[in-house]
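Source file: data_12.cif. Holds: mmCIF, N, CA and C atoms.
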```cif
data_query
loop_
_atom_site.label_atom_id
_atom_site.label_comp_id
_atom_site.auth_asym_id
_atom_site.auth_seq_id
_atom_site.Cartn_x
_atom_site.Cartn_y
_atom_site.Cartn_z
N MET A 1 13.92 90.99 252.41
CA MET A 1 13.27 90.59 253.65
C MET A 1 13.47 89.09 253.85
N GLU A 2 13.93 88.72 255.01
CA GLU A 2 14.21 87.31 255.29
C GLU A 2 12.98 86.56 255.80
N LEU A 3 12.24 87.18 256.74
CA LEU A 3 11.15 86.48 257.42
C LEU A 3 9.92 87.35 257.50
N SER A 4 8.78 86.77 257.20
CA SER A 4 7.48 87.40 257.41
C SER A 4 6.76 86.62 258.50
N ILE A 5 6.33 87.30 259.55
CA ILE A 5 5.57 86.68 260.63
C ILE A 5 4.13 87.16 260.47
N VAL A 6 3.22 86.21 260.27
CA VAL A 6 1.82 86.53 260.05
C VAL A 6 1.01 86.08 261.26
N SER A 7 0.19 87.00 261.78
CA SER A 7 -0.68 86.67 262.90
C SER A 7 -2.06 87.25 262.64
N VAL A 8 -3.07 86.48 263.00
CA VAL A 8 -4.46 86.92 262.88
C VAL A 8 -4.97 87.16 264.30
N VAL A 9 -5.54 88.34 264.53
CA VAL A 9 -6.03 88.69 265.86
C VAL A 9 -7.45 89.24 265.78
N ILE A 10 -8.18 89.08 266.89
CA ILE A 10 -9.50 89.69 267.06
C ILE A 10 -9.56 90.23 268.48
N ASN A 11 -9.68 91.56 268.61
CA ASN A 11 -9.77 92.21 269.91
C ASN A 11 -8.64 91.73 270.83
N ASN A 12 -8.93 91.44 272.10
CA ASN A 12 -7.97 90.89 273.07
C ASN A 12 -6.68 91.71 273.13
N LEU A 13 -6.82 92.97 273.48
CA LEU A 13 -5.70 93.92 273.46
C LEU A 13 -4.53 93.49 274.33
N ASN A 14 -4.77 93.09 275.56
CA ASN A 14 -3.65 92.75 276.45
C ASN A 14 -2.82 91.60 275.91
N GLN A 15 -3.47 90.58 275.41
CA GLN A 15 -2.74 89.43 274.86
C GLN A 15 -1.98 89.83 273.60
N THR A 16 -2.60 90.67 272.78
CA THR A 16 -1.94 91.12 271.55
C THR A 16 -0.73 91.99 271.87
N LYS A 17 -0.82 92.83 272.89
CA LYS A 17 0.33 93.63 273.31
C LYS A 17 1.49 92.74 273.74
N ARG A 18 1.20 91.72 274.54
CA ARG A 18 2.25 90.79 274.99
C ARG A 18 2.87 90.05 273.81
N PHE A 19 2.03 89.64 272.87
CA PHE A 19 2.51 88.93 271.68
C PHE A 19 3.45 89.80 270.86
N ILE A 20 3.02 91.01 270.55
CA ILE A 20 3.85 91.91 269.74
C ILE A 20 5.14 92.25 270.46
N SER A 21 5.06 92.51 271.74
CA SER A 21 6.25 92.82 272.53
C SER A 21 7.24 91.64 272.51
N SER A 22 6.72 90.43 272.64
CA SER A 22 7.58 89.25 272.63
C SER A 22 8.26 89.08 271.27
N ILE A 23 7.51 89.28 270.20
CA ILE A 23 8.11 89.18 268.85
C ILE A 23 9.22 90.22 268.71
N ARG A 24 8.93 91.46 269.08
CA ARG A 24 9.91 92.54 268.93
C ARG A 24 11.16 92.31 269.78
N ASP A 25 10.97 91.79 271.00
CA ASP A 25 12.10 91.59 271.91
C ASP A 25 12.95 90.37 271.57
N ASN A 26 12.36 89.38 270.92
CA ASN A 26 13.05 88.10 270.76
C ASN A 26 13.35 87.68 269.33
N THR A 27 12.97 88.48 268.37
CA THR A 27 13.22 88.12 266.97
C THR A 27 14.34 88.98 266.43
N LYS A 28 15.36 88.34 265.95
CA LYS A 28 16.54 89.05 265.43
C LYS A 28 16.56 88.95 263.91
N GLY A 29 17.33 89.81 263.29
CA GLY A 29 17.45 89.79 261.84
C GLY A 29 16.35 90.62 261.19
N LYS A 30 16.30 90.53 259.88
CA LYS A 30 15.32 91.30 259.11
C LYS A 30 14.01 90.52 259.03
N TYR A 31 12.96 91.13 259.54
CA TYR A 31 11.65 90.50 259.51
C TYR A 31 10.58 91.57 259.42
N GLU A 32 9.40 91.14 259.03
CA GLU A 32 8.23 92.01 259.06
C GLU A 32 7.15 91.30 259.86
N LEU A 33 6.43 92.07 260.65
CA LEU A 33 5.32 91.54 261.43
C LEU A 33 4.02 91.98 260.75
N ILE A 34 3.30 91.00 260.22
CA ILE A 34 2.06 91.25 259.51
C ILE A 34 0.91 90.86 260.43
N ILE A 35 0.08 91.82 260.77
CA ILE A 35 -1.07 91.56 261.63
C ILE A 35 -2.33 91.69 260.78
N ILE A 36 -3.11 90.63 260.78
CA ILE A 36 -4.40 90.63 260.12
C ILE A 36 -5.46 90.74 261.21
N ASP A 37 -6.20 91.84 261.18
CA ASP A 37 -7.27 92.08 262.15
C ASP A 37 -8.54 91.45 261.59
N ASN A 38 -8.99 90.42 262.25
CA ASN A 38 -10.14 89.66 261.76
C ASN A 38 -11.44 90.17 262.37
N GLY A 39 -11.69 91.48 262.17
CA GLY A 39 -12.97 92.06 262.58
C GLY A 39 -13.04 92.58 263.99
N SER A 40 -11.91 93.04 264.55
CA SER A 40 -11.95 93.61 265.90
C SER A 40 -12.96 94.75 265.96
N THR A 41 -13.59 94.89 267.13
CA THR A 41 -14.56 95.95 267.34
C THR A 41 -14.06 96.99 268.34
N ASN A 42 -13.03 96.65 269.11
CA ASN A 42 -12.49 97.55 270.11
C ASN A 42 -11.56 98.56 269.44
N LYS A 43 -11.92 99.83 269.49
CA LYS A 43 -11.14 100.87 268.79
C LYS A 43 -9.72 101.00 269.32
N GLU A 44 -9.53 100.80 270.61
CA GLU A 44 -8.19 100.88 271.18
C GLU A 44 -7.30 99.75 270.62
N THR A 45 -7.88 98.56 270.51
CA THR A 45 -7.14 97.44 269.93
C THR A 45 -6.78 97.71 268.49
N ILE A 46 -7.72 98.19 267.71
CA ILE A 46 -7.48 98.48 266.30
C ILE A 46 -6.35 99.48 266.15
N LYS A 47 -6.39 100.56 266.92
CA LYS A 47 -5.36 101.59 266.83
C LYS A 47 -3.99 101.03 267.23
N TYR A 48 -3.95 100.23 268.31
CA TYR A 48 -2.69 99.64 268.75
C TYR A 48 -2.09 98.75 267.67
N ILE A 49 -2.90 97.89 267.09
CA ILE A 49 -2.41 96.98 266.06
C ILE A 49 -1.90 97.75 264.86
N GLU A 50 -2.65 98.76 264.43
CA GLU A 50 -2.23 99.59 263.29
C GLU A 50 -0.86 100.21 263.54
N ASN A 51 -0.65 100.70 264.76
CA ASN A 51 0.57 101.42 265.09
C ASN A 51 1.76 100.52 265.41
N ASN A 52 1.53 99.24 265.65
CA ASN A 52 2.62 98.38 266.10
C ASN A 52 2.92 97.20 265.19
N SER A 53 2.31 97.17 264.03
CA SER A 53 2.63 96.13 263.05
C SER A 53 3.36 96.78 261.88
N ASP A 54 4.13 95.99 261.19
CA ASP A 54 4.82 96.50 260.00
C ASP A 54 3.87 96.55 258.81
N VAL A 55 2.99 95.56 258.75
CA VAL A 55 1.96 95.50 257.72
C VAL A 55 0.65 95.21 258.44
N TYR A 56 -0.36 95.99 258.15
CA TYR A 56 -1.66 95.84 258.81
C TYR A 56 -2.75 95.71 257.76
N TYR A 57 -3.64 94.75 257.97
CA TYR A 57 -4.83 94.62 257.13
C TYR A 57 -6.00 94.28 258.04
N ARG A 58 -7.15 94.89 257.77
CA ARG A 58 -8.31 94.68 258.62
C ARG A 58 -9.50 94.22 257.81
N PHE A 59 -10.08 93.10 258.23
CA PHE A 59 -11.38 92.68 257.71
C PHE A 59 -12.44 93.40 258.55
N ASP A 60 -13.45 93.94 257.91
CA ASP A 60 -14.50 94.67 258.64
C ASP A 60 -15.37 93.75 259.49
N LYS A 61 -15.49 92.50 259.08
CA LYS A 61 -16.22 91.52 259.86
C LYS A 61 -15.43 90.23 259.89
N ILE A 62 -15.72 89.40 260.87
CA ILE A 62 -14.97 88.15 261.04
C ILE A 62 -15.12 87.28 259.82
N THR A 63 -13.98 86.79 259.34
CA THR A 63 -13.95 85.86 258.21
C THR A 63 -13.31 84.57 258.69
N ASP A 64 -13.30 83.55 257.86
CA ASP A 64 -12.70 82.29 258.32
C ASP A 64 -11.18 82.46 258.43
N LEU A 65 -10.63 81.71 259.36
CA LEU A 65 -9.22 81.85 259.71
C LEU A 65 -8.29 81.59 258.52
N SER A 66 -8.58 80.60 257.72
CA SER A 66 -7.70 80.31 256.59
C SER A 66 -7.68 81.46 255.59
N LYS A 67 -8.79 82.12 255.38
CA LYS A 67 -8.83 83.29 254.49
C LYS A 67 -7.97 84.42 255.07
N ALA A 68 -8.04 84.62 256.37
CA ALA A 68 -7.24 85.67 257.02
C ALA A 68 -5.75 85.34 256.92
N TRP A 69 -5.36 84.10 257.19
CA TRP A 69 -3.95 83.71 257.06
C TRP A 69 -3.47 83.90 255.62
N ASN A 70 -4.28 83.46 254.68
CA ASN A 70 -3.90 83.60 253.27
C ASN A 70 -3.72 85.05 252.86
N LYS A 71 -4.53 85.95 253.41
CA LYS A 71 -4.35 87.38 253.13
C LYS A 71 -2.99 87.84 253.64
N GLY A 72 -2.61 87.42 254.84
CA GLY A 72 -1.31 87.77 255.39
C GLY A 72 -0.17 87.23 254.55
N ILE A 73 -0.32 86.01 254.08
CA ILE A 73 0.71 85.40 253.23
C ILE A 73 0.84 86.18 251.93
N LYS A 74 -0.27 86.59 251.34
CA LYS A 74 -0.23 87.37 250.10
C LYS A 74 0.45 88.72 250.30
N LEU A 75 0.31 89.30 251.48
CA LEU A 75 0.93 90.59 251.77
C LEU A 75 2.41 90.48 252.13
N SER A 76 2.88 89.27 252.39
CA SER A 76 4.25 89.08 252.87
C SER A 76 5.27 89.30 251.77
N LYS A 77 6.47 89.69 252.21
CA LYS A 77 7.59 89.91 251.30
C LYS A 77 8.80 89.07 251.69
N GLY A 78 8.66 88.27 252.73
CA GLY A 78 9.78 87.49 253.23
C GLY A 78 10.09 86.26 252.40
N LYS A 79 11.33 85.84 252.51
CA LYS A 79 11.76 84.59 251.88
C LYS A 79 11.10 83.41 252.59
N PHE A 80 10.91 83.55 253.91
CA PHE A 80 10.26 82.55 254.74
C PHE A 80 9.06 83.18 255.42
N ILE A 81 8.04 82.36 255.68
CA ILE A 81 6.82 82.84 256.33
C ILE A 81 6.55 81.99 257.55
N ALA A 82 6.27 82.67 258.67
CA ALA A 82 5.88 81.99 259.90
C ALA A 82 4.46 82.44 260.25
N ILE A 83 3.63 81.47 260.59
CA ILE A 83 2.28 81.76 261.07
C ILE A 83 2.32 81.62 262.59
N ALA A 84 1.90 82.68 263.28
CA ALA A 84 1.96 82.68 264.74
C ALA A 84 0.65 83.18 265.31
N ASN A 85 0.12 82.46 266.29
CA ASN A 85 -1.08 82.93 267.00
C ASN A 85 -0.65 83.85 268.14
N ASN A 86 -1.51 84.79 268.47
CA ASN A 86 -1.13 85.73 269.53
C ASN A 86 -1.31 85.15 270.92
N ASP A 87 -1.80 83.93 271.02
CA ASP A 87 -1.94 83.32 272.33
C ASP A 87 -0.91 82.23 272.52
#
```
Is it possible to express this structure as structure tokens?
Amino acid sequence: MELSIVSVVINNLNQTKRFISSIRDNTKGKYELIIIDNGSTNKETIKYIENNSDVYYRFDKITDLSKAWNKGIKLSKGKFIAIANND
């Protein structure tokens, strides 16, 4: 794996859809998209993220952002890691 893209999201389905679509449409080569769900409560958002990320992890309640990013980094398999916000 060349690149791991880590993003932390909470709810905000429309923005997350645009973010994932943009990553998928514009990122070339071997990569994995790791989405850390930082306590989303919207079931539609949770299901979408689960189905559209390569690696998915969910915190049951909101945790601090650095802890969420670090979880994504620990789950990554890429030679390089990019941290990207969905906004």
Would you please extract all strand (DSSP E or B) residues from chain A, as assigned by DSSP on the backbone, and give them as a PDB file with N, CA and C atoms, in the coordinates of the input?
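So the final result, stored in part.pdb, reads:
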```pdb
ATOM      1  N   LEU A   3      12.240  87.180 256.740  1.00  0.00           N
ATOM      2  CA  LEU A   3      11.150  86.480 257.420  1.00  0.00           C
ATOM      3  C   LEU A   3       9.920  87.350 257.500  1.00  0.00           C
ATOM      4  N   SER A   4       8.780  86.770 257.200  1.00  0.00           N
ATOM      5  CA  SER A   4       7.480  87.400 257.410  1.00  0.00           C
ATOM      6  C   SER A   4       6.760  86.620 258.500  1.00  0.00           C
ATOM      7  N   ILE A   5       6.330  87.300 259.550  1.00  0.00           N
ATOM      8  CA  ILE A   5       5.570  86.680 260.630  1.00  0.00           C
ATOM      9  C   ILE A   5       4.130  87.160 260.470  1.00  0.00           C
ATOM     10  N   VAL A   6       3.220  86.210 260.270  1.00  0.00           N
ATOM     11  CA  VAL A   6       1.820  86.530 260.050  1.00  0.00           C
ATOM     12  C   VAL A   6       1.010  86.080 261.260  1.00  0.00           C
ATOM     13  N   SER A   7       0.190  87.000 261.780  1.00  0.00           N
ATOM     14  CA  SER A   7      -0.680  86.670 262.900  1.00  0.00           C
ATOM     15  C   SER A   7      -2.060  87.250 262.640  1.00  0.00           C
ATOM     16  N   VAL A   8      -3.070  86.480 263.000  1.00  0.00           N
ATOM     17  CA  VAL A   8      -4.460  86.920 262.880  1.00  0.00           C
ATOM     18  C   VAL A   8      -4.970  87.160 264.300  1.00  0.00           C
ATOM     19  N   VAL A   9      -5.540  88.340 264.530  1.00  0.00           N
ATOM     20  CA  VAL A   9      -6.030  88.690 265.860  1.00  0.00           C
ATOM     21  C   VAL A   9      -7.450  89.240 265.780  1.00  0.00           C
ATOM     22  N   TYR A  31      12.960  91.130 259.540  1.00  0.00           N
ATOM     23  CA  TYR A  31      11.650  90.500 259.510  1.00  0.00           C
ATOM     24  C   TYR A  31      10.580  91.570 259.420  1.00  0.00           C
ATOM     25  N   GLU A  32       9.400  91.140 259.030  1.00  0.00           N
ATOM     26  CA  GLU A  32       8.230  92.010 259.060  1.00  0.00           C
ATOM     27  C   GLU A  32       7.150  91.300 259.860  1.00  0.00           C
ATOM     28  N   LEU A  33       6.430  92.070 260.650  1.00  0.00           N
ATOM     29  CA  LEU A  33       5.320  91.540 261.430  1.00  0.00           C
ATOM     30  C   LEU A  33       4.020  91.980 260.750  1.00  0.00           C
ATOM     31  N   ILE A  34       3.300  91.000 260.220  1.00  0.00           N
ATOM     32  CA  ILE A  34       2.060  91.250 259.510  1.00  0.00           C
ATOM     33  C   ILE A  34       0.910  90.860 260.430  1.00  0.00           C
ATOM     34  N   ILE A  35       0.080  91.820 260.770  1.00  0.00           N
ATOM     35  CA  ILE A  35      -1.070  91.560 261.630  1.00  0.00           C
ATOM     36  C   ILE A  35      -2.330  91.690 260.780  1.00  0.00           C
ATOM     37  N   ILE A  36      -3.110  90.630 260.780  1.00  0.00           N
ATOM     38  CA  ILE A  36      -4.400  90.630 260.120  1.00  0.00           C
ATOM     39  C   ILE A  36      -5.460  90.740 261.210  1.00  0.00           C
ATOM     40  N   ASP A  37      -6.200  91.840 261.180  1.00  0.00           N
ATOM     41  CA  ASP A  37      -7.270  92.080 262.150  1.00  0.00           C
ATOM     42  C   ASP A  37      -8.540  91.450 261.590  1.00  0.00           C
ATOM     43  N   ASN A  38      -8.990  90.420 262.250  1.00  0.00           N
ATOM     44  CA  ASN A  38     -10.140  89.660 261.760  1.00  0.00           C
ATOM     45  C   ASN A  38     -11.440  90.170 262.370  1.00  0.00           C
ATOM     46  N   VAL A  55       2.990  95.560 258.750  1.00  0.00           N
ATOM     47  CA  VAL A  55       1.960  95.500 257.720  1.00  0.00           C
ATOM     48  C   VAL A  55       0.650  95.210 258.440  1.00  0.00           C
ATOM     49  N   TYR A  56      -0.360  95.990 258.150  1.00  0.00           N
ATOM     50  CA  TYR A  56      -1.660  95.840 258.810  1.00  0.00           C
ATOM     51  C   TYR A  56      -2.750  95.710 257.760  1.00  0.00           C
ATOM     52  N   TYR A  57      -3.640  94.750 257.970  1.00  0.00           N
ATOM     53  CA  TYR A  57      -4.830  94.620 257.130  1.00  0.00           C
ATOM     54  C   TYR A  57      -6.000  94.280 258.040  1.00  0.00           C
ATOM     55  N   ARG A  58      -7.150  94.890 257.770  1.00  0.00           N
ATOM     56  CA  ARG A  58      -8.310  94.680 258.620  1.00  0.00           C
ATOM     57  C   ARG A  58      -9.500  94.220 257.810  1.00  0.00           C
ATOM     58  N   PHE A  59     -10.080  93.100 258.230  1.00  0.00           N
ATOM     59  CA  PHE A  59     -11.380  92.680 257.710  1.00  0.00           C
ATOM     60  C   PHE A  59     -12.440  93.400 258.550  1.00  0.00           C
ATOM     61  N   PHE A  80      10.910  83.550 253.910  1.00  0.00           N
ATOM     62  CA  PHE A  80      10.260  82.550 254.740  1.00  0.00           C
ATOM     63  C   PHE A  80       9.060  83.180 255.420  1.00  0.00           C
ATOM     64  N   ILE A  81       8.040  82.360 255.680  1.00  0.00           N
ATOM     65  CA  ILE A  81       6.820  82.840 256.330  1.00  0.00           C
ATOM     66  C   ILE A  81       6.550  81.990 257.550  1.00  0.00           C
ATOM     67  N   ALA A  82       6.270  82.670 258.670  1.00  0.00           N
ATOM     68  CA  ALA A  82       5.880  81.990 259.900  1.00  0.00           C
ATOM     69  C   ALA A  82       4.460  82.440 260.250  1.00  0.00           C
ATOM     70  N   ILE A  83       3.630  81.470 260.590  1.00  0.00           N
ATOM     71  CA  ILE A  83       2.280  81.760 261.070  1.00  0.00           C
ATOM     72  C   ILE A  83       2.320  81.620 262.590  1.00  0.00           C
TER      73      ILE A  83
END
```
- Task: Could you tell me, as a PyMOL selection string, which residues of chain A DSSP assigns to alpha helix (DSSP H) when given the backbone?
- Result: chain A and resi 13-26+43-52+65-75
- Task: Would you be able to write out as a PyMOL selection string which residues have an atom within 6 Å of (0.9, 89.4, 256.2) in the file's coordinates, counting only C-alpha atoms?
- Result: chain A and resi 6+34+72-73+75-76
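With only C-alpha atoms as the atoms that count, the minimum distance from Leu13 in chain A to the choices A:Tyr48, A:Phe80, A:Tyr31, A:Phe59 is reached by A:Tyr48.
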- For the structure shown, which residues end up in the PyMOL selection byres ((chain A and resi 29) around 7)? Put them as a ChimeraX atom specification, please? /A:2-3,27-28,30-31
Can you give me, as a PDB file with N, CA and C atoms, in the frame of the given file, the residues this file yields under the PyMOL selection byres ((chain A and resi 8) around 8)?
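As a result, selection01.pdb now contains:
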```pdb
ATOM      1  N   ILE A   5       6.330  87.300 259.550  1.00  0.00           N
ATOM      2  CA  ILE A   5       5.570  86.680 260.630  1.00  0.00           C
ATOM      3  C   ILE A   5       4.130  87.160 260.470  1.00  0.00           C
ATOM      4  N   VAL A   6       3.220  86.210 260.270  1.00  0.00           N
ATOM      5  CA  VAL A   6       1.820  86.530 260.050  1.00  0.00           C
ATOM      6  C   VAL A   6       1.010  86.080 261.260  1.00  0.00           C
ATOM      7  N   SER A   7       0.190  87.000 261.780  1.00  0.00           N
ATOM      8  CA  SER A   7      -0.680  86.670 262.900  1.00  0.00           C
ATOM      9  C   SER A   7      -2.060  87.250 262.640  1.00  0.00           C
ATOM     10  N   VAL A   9      -5.540  88.340 264.530  1.00  0.00           N
ATOM     11  CA  VAL A   9      -6.030  88.690 265.860  1.00  0.00           C
ATOM     12  C   VAL A   9      -7.450  89.240 265.780  1.00  0.00           C
ATOM     13  N   ILE A  10      -8.180  89.080 266.890  1.00  0.00           N
ATOM     14  CA  ILE A  10      -9.500  89.690 267.060  1.00  0.00           C
ATOM     15  C   ILE A  10      -9.560  90.230 268.480  1.00  0.00           C
ATOM     16  N   ASN A  11      -9.680  91.560 268.610  1.00  0.00           N
ATOM     17  CA  ASN A  11      -9.770  92.210 269.910  1.00  0.00           C
ATOM     18  C   ASN A  11      -8.640  91.730 270.830  1.00  0.00           C
ATOM     19  N   ILE A  34       3.300  91.000 260.220  1.00  0.00           N
ATOM     20  CA  ILE A  34       2.060  91.250 259.510  1.00  0.00           C
ATOM     21  C   ILE A  34       0.910  90.860 260.430  1.00  0.00           C
ATOM     22  N   ILE A  35       0.080  91.820 260.770  1.00  0.00           N
ATOM     23  CA  ILE A  35      -1.070  91.560 261.630  1.00  0.00           C
ATOM     24  C   ILE A  35      -2.330  91.690 260.780  1.00  0.00           C
ATOM     25  N   ILE A  36      -3.110  90.630 260.780  1.00  0.00           N
ATOM     26  CA  ILE A  36      -4.400  90.630 260.120  1.00  0.00           C
ATOM     27  C   ILE A  36      -5.460  90.740 261.210  1.00  0.00           C
ATOM     28  N   ASP A  37      -6.200  91.840 261.180  1.00  0.00           N
ATOM     29  CA  ASP A  37      -7.270  92.080 262.150  1.00  0.00           C
ATOM     30  C   ASP A  37      -8.540  91.450 261.590  1.00  0.00           C
ATOM     31  N   ASN A  38      -8.990  90.420 262.250  1.00  0.00           N
ATOM     32  CA  ASN A  38     -10.140  89.660 261.760  1.00  0.00           C
ATOM     33  C   ASN A  38     -11.440  90.170 262.370  1.00  0.00           C
ATOM     34  N   LEU A  65     -10.630  81.710 259.360  1.00  0.00           N
ATOM     35  CA  LEU A  65      -9.220  81.850 259.710  1.00  0.00           C
ATOM     36  C   LEU A  65      -8.290  81.590 258.520  1.00  0.00           C
ATOM     37  N   ALA A  68      -8.040  84.620 256.370  1.00  0.00           N
ATOM     38  CA  ALA A  68      -7.240  85.670 257.020  1.00  0.00           C
ATOM     39  C   ALA A  68      -5.750  85.340 256.920  1.00  0.00           C
ATOM     40  N   TRP A  69      -5.360  84.100 257.190  1.00  0.00           N
ATOM     41  CA  TRP A  69      -3.950  83.710 257.060  1.00  0.00           C
ATOM     42  C   TRP A  69      -3.470  83.900 255.620  1.00  0.00           C
ATOM     43  N   GLY A  72      -2.610  87.420 254.840  1.00  0.00           N
ATOM     44  CA  GLY A  72      -1.310  87.770 255.390  1.00  0.00           C
ATOM     45  C   GLY A  72      -0.170  87.230 254.550  1.00  0.00           C
ATOM     46  N   ILE A  83       3.630  81.470 260.590  1.00  0.00           N
ATOM     47  CA  ILE A  83       2.280  81.760 261.070  1.00  0.00           C
ATOM     48  C   ILE A  83       2.320  81.620 262.590  1.00  0.00           C
ATOM     49  N   ALA A  84       1.900  82.680 263.280  1.00  0.00           N
ATOM     50  CA  ALA A  84       1.960  82.680 264.740  1.00  0.00           C
ATOM     51  C   ALA A  84       0.650  83.180 265.310  1.00  0.00           C
ATOM     52  N   ASN A  85       0.120  82.460 266.290  1.00  0.00           N
ATOM     53  CA  ASN A  85      -1.080  82.930 267.000  1.00  0.00           C
ATOM     54  C   ASN A  85      -0.650  83.850 268.140  1.00  0.00           C
ATOM     55  N   ASN A  86      -1.510  84.790 268.470  1.00  0.00           N
ATOM     56  CA  ASN A  86      -1.130  85.730 269.530  1.00  0.00           C
ATOM     57  C   ASN A  86      -1.310  85.150 270.920  1.00  0.00           C
TER      58      ASN A  86
END
```
- One-decimal distance in Å that lies between atom C of Arg24 in chain A and atom N of Ile62 in chain A: 28.5 Å
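Taking CA of Lys77 in chain A and CA of Asn42 in chain A as endpoints, the distance between them is 28.6 Å.
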- Quick one: pull the distance between CA of Ser40 in chain A and CA of Lys61 in chain A, Å, one decimal.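 Those two atoms sit 7.7 Å apart.
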- Task: Compile the contact shell of Asp87 in chain A as JSON, numbers by chain: residues with an atom at most 8 Å away, counting only N, CA and C atoms, same-chain residues fewer than 5 positions apart removed.
- Result: {"A": [15, 16, 19]}
- Item | Minimum-distance residue to Gly39 in chain A, chosen among A:Asn51, A:Asn70, A:Asn26, A:Thr63 (using all atoms listed in the file) |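 Of A:Asn51, A:Asn70, A:Asn26, A:Thr63, the one nearest Gly39 in chain A, counting all atoms listed in the file, is A:Thr63.
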- If you count only C-alpha atoms, the residue of A:Ser21, A:Asn12, A:Thr41, A:Ser4 closest to Val55 in chain A turns out to be A:Ser4
- Query: Quick one: of A:Glu50, A:Asp60, A:Met1, A:Thr45, who's nearest to Glu32 in chain A, counting all atoms listed in the file?
  - Reply: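 Nearest candidate to Glu32 in chain A out of A:Glu50, A:Asp60, A:Met1, A:Thr45: A:Met1.
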Each side padded by 6 Å, which centre and which edge lengths in Å (one decimal) define the axis-aligned box around the listed atoms of range 12-29 of chain A? Give them as AutoDock Vina command-line options.
```
--center_x 4.3 --center_y 90.8 --center_z 268.8 --size_x 38.4 --size_y 18.2 --size_z 27.3
```
Provide range 47-64 of chain A of the preceding structure as a file containing N, CA and C atoms, as a PDB file, in the first residue's frame.
```pdb
ATOM      1  N   LYS A  47     -24.052   4.187   8.113  1.00  0.00           N
ATOM      2  CA  LYS A  47     -24.115   3.134   7.094  1.00  0.00           C
ATOM      3  C   LYS A  47     -23.335   3.544   5.842  1.00  0.00           C
ATOM      4  N   TYR A  48     -23.498   4.801   5.412  1.00  0.00           N
ATOM      5  CA  TYR A  48     -22.781   5.280   4.224  1.00  0.00           C
ATOM      6  C   TYR A  48     -21.269   5.198   4.425  1.00  0.00           C
ATOM      7  N   ILE A  49     -20.798   5.667   5.562  1.00  0.00           N
ATOM      8  CA  ILE A  49     -19.359   5.656   5.829  1.00  0.00           C
ATOM      9  C   ILE A  49     -18.834   4.224   5.866  1.00  0.00           C
ATOM     10  N   GLU A  50     -19.558   3.338   6.538  1.00  0.00           N
ATOM     11  CA  GLU A  50     -19.154   1.929   6.601  1.00  0.00           C
ATOM     12  C   GLU A  50     -19.002   1.333   5.208  1.00  0.00           C
ATOM     13  N   ASN A  51     -19.951   1.647   4.330  1.00  0.00           N
ATOM     14  CA  ASN A  51     -19.983   1.050   2.996  1.00  0.00           C
ATOM     15  C   ASN A  51     -19.036   1.702   1.993  1.00  0.00           C
ATOM     16  N   ASN A  52     -18.523   2.886   2.303  1.00  0.00           N
ATOM     17  CA  ASN A  52     -17.731   3.613   1.308  1.00  0.00           C
ATOM     18  C   ASN A  52     -16.302   3.915   1.729  1.00  0.00           C
ATOM     19  N   SER A  53     -15.873   3.351   2.835  1.00  0.00           N
ATOM     20  CA  SER A  53     -14.475   3.500   3.246  1.00  0.00           C
ATOM     21  C   SER A  53     -13.785   2.151   3.099  1.00  0.00           C
ATOM     22  N   ASP A  54     -12.488   2.188   2.939  1.00  0.00           N
ATOM     23  CA  ASP A  54     -11.727   0.936   2.867  1.00  0.00           C
ATOM     24  C   ASP A  54     -11.496   0.368   4.264  1.00  0.00           C
ATOM     25  N   VAL A  55     -11.301   1.265   5.210  1.00  0.00           N
ATOM     26  CA  VAL A  55     -11.142   0.888   6.614  1.00  0.00           C
ATOM     27  C   VAL A  55     -12.058   1.812   7.406  1.00  0.00           C
ATOM     28  N   TYR A  56     -12.857   1.230   8.270  1.00  0.00           N
ATOM     29  CA  TYR A  56     -13.820   2.002   9.055  1.00  0.00           C
ATOM     30  C   TYR A  56     -13.642   1.673  10.529  1.00  0.00           C
ATOM     31  N   TYR A  57     -13.627   2.725  11.350  1.00  0.00           N
ATOM     32  CA  TYR A  57     -13.621   2.546  12.800  1.00  0.00           C
ATOM     33  C   TYR A  57     -14.559   3.580  13.390  1.00  0.00           C
ATOM     34  N   ARG A  58     -15.337   3.178  14.385  1.00  0.00           N
ATOM     35  CA  ARG A  58     -16.312   4.086  14.977  1.00  0.00           C
ATOM     36  C   ARG A  58     -16.127   4.175  16.478  1.00  0.00           C
ATOM     37  N   PHE A  59     -15.994   5.414  16.956  1.00  0.00           N
ATOM     38  CA  PHE A  59     -16.064   5.678  18.388  1.00  0.00           C
ATOM     39  C   PHE A  59     -17.547   5.839  18.731  1.00  0.00           C
ATOM     40  N   ASP A  60     -17.988   5.227  19.808  1.00  0.00           N
ATOM     41  CA  ASP A  60     -19.404   5.314  20.203  1.00  0.00           C
ATOM     42  C   ASP A  60     -19.797   6.712  20.666  1.00  0.00           C
ATOM     43  N   LYS A  61     -18.842   7.445  21.205  1.00  0.00           N
ATOM     44  CA  LYS A  61     -19.099   8.820  21.606  1.00  0.00           C
ATOM     45  C   LYS A  61     -17.927   9.678  21.156  1.00  0.00           C
ATOM     46  N   ILE A  62     -18.168  10.968  21.054  1.00  0.00           N
ATOM     47  CA  ILE A  62     -17.143  11.886  20.560  1.00  0.00           C
ATOM     48  C   ILE A  62     -15.928  11.852  21.464  1.00  0.00           C
ATOM     49  N   THR A  63     -14.772  11.714  20.834  1.00  0.00           N
ATOM     50  CA  THR A  63     -13.493  11.740  21.540  1.00  0.00           C
ATOM     51  C   THR A  63     -12.681  12.905  20.992  1.00  0.00           C
ATOM     52  N   ASP A  64     -11.541  13.189  21.595  1.00  0.00           N
ATOM     53  CA  ASP A  64     -10.758  14.316  21.078  1.00  0.00           C
ATOM     54  C   ASP A  64     -10.172  13.959  19.709  1.00  0.00           C
TER      55      ASP A  64
END
```
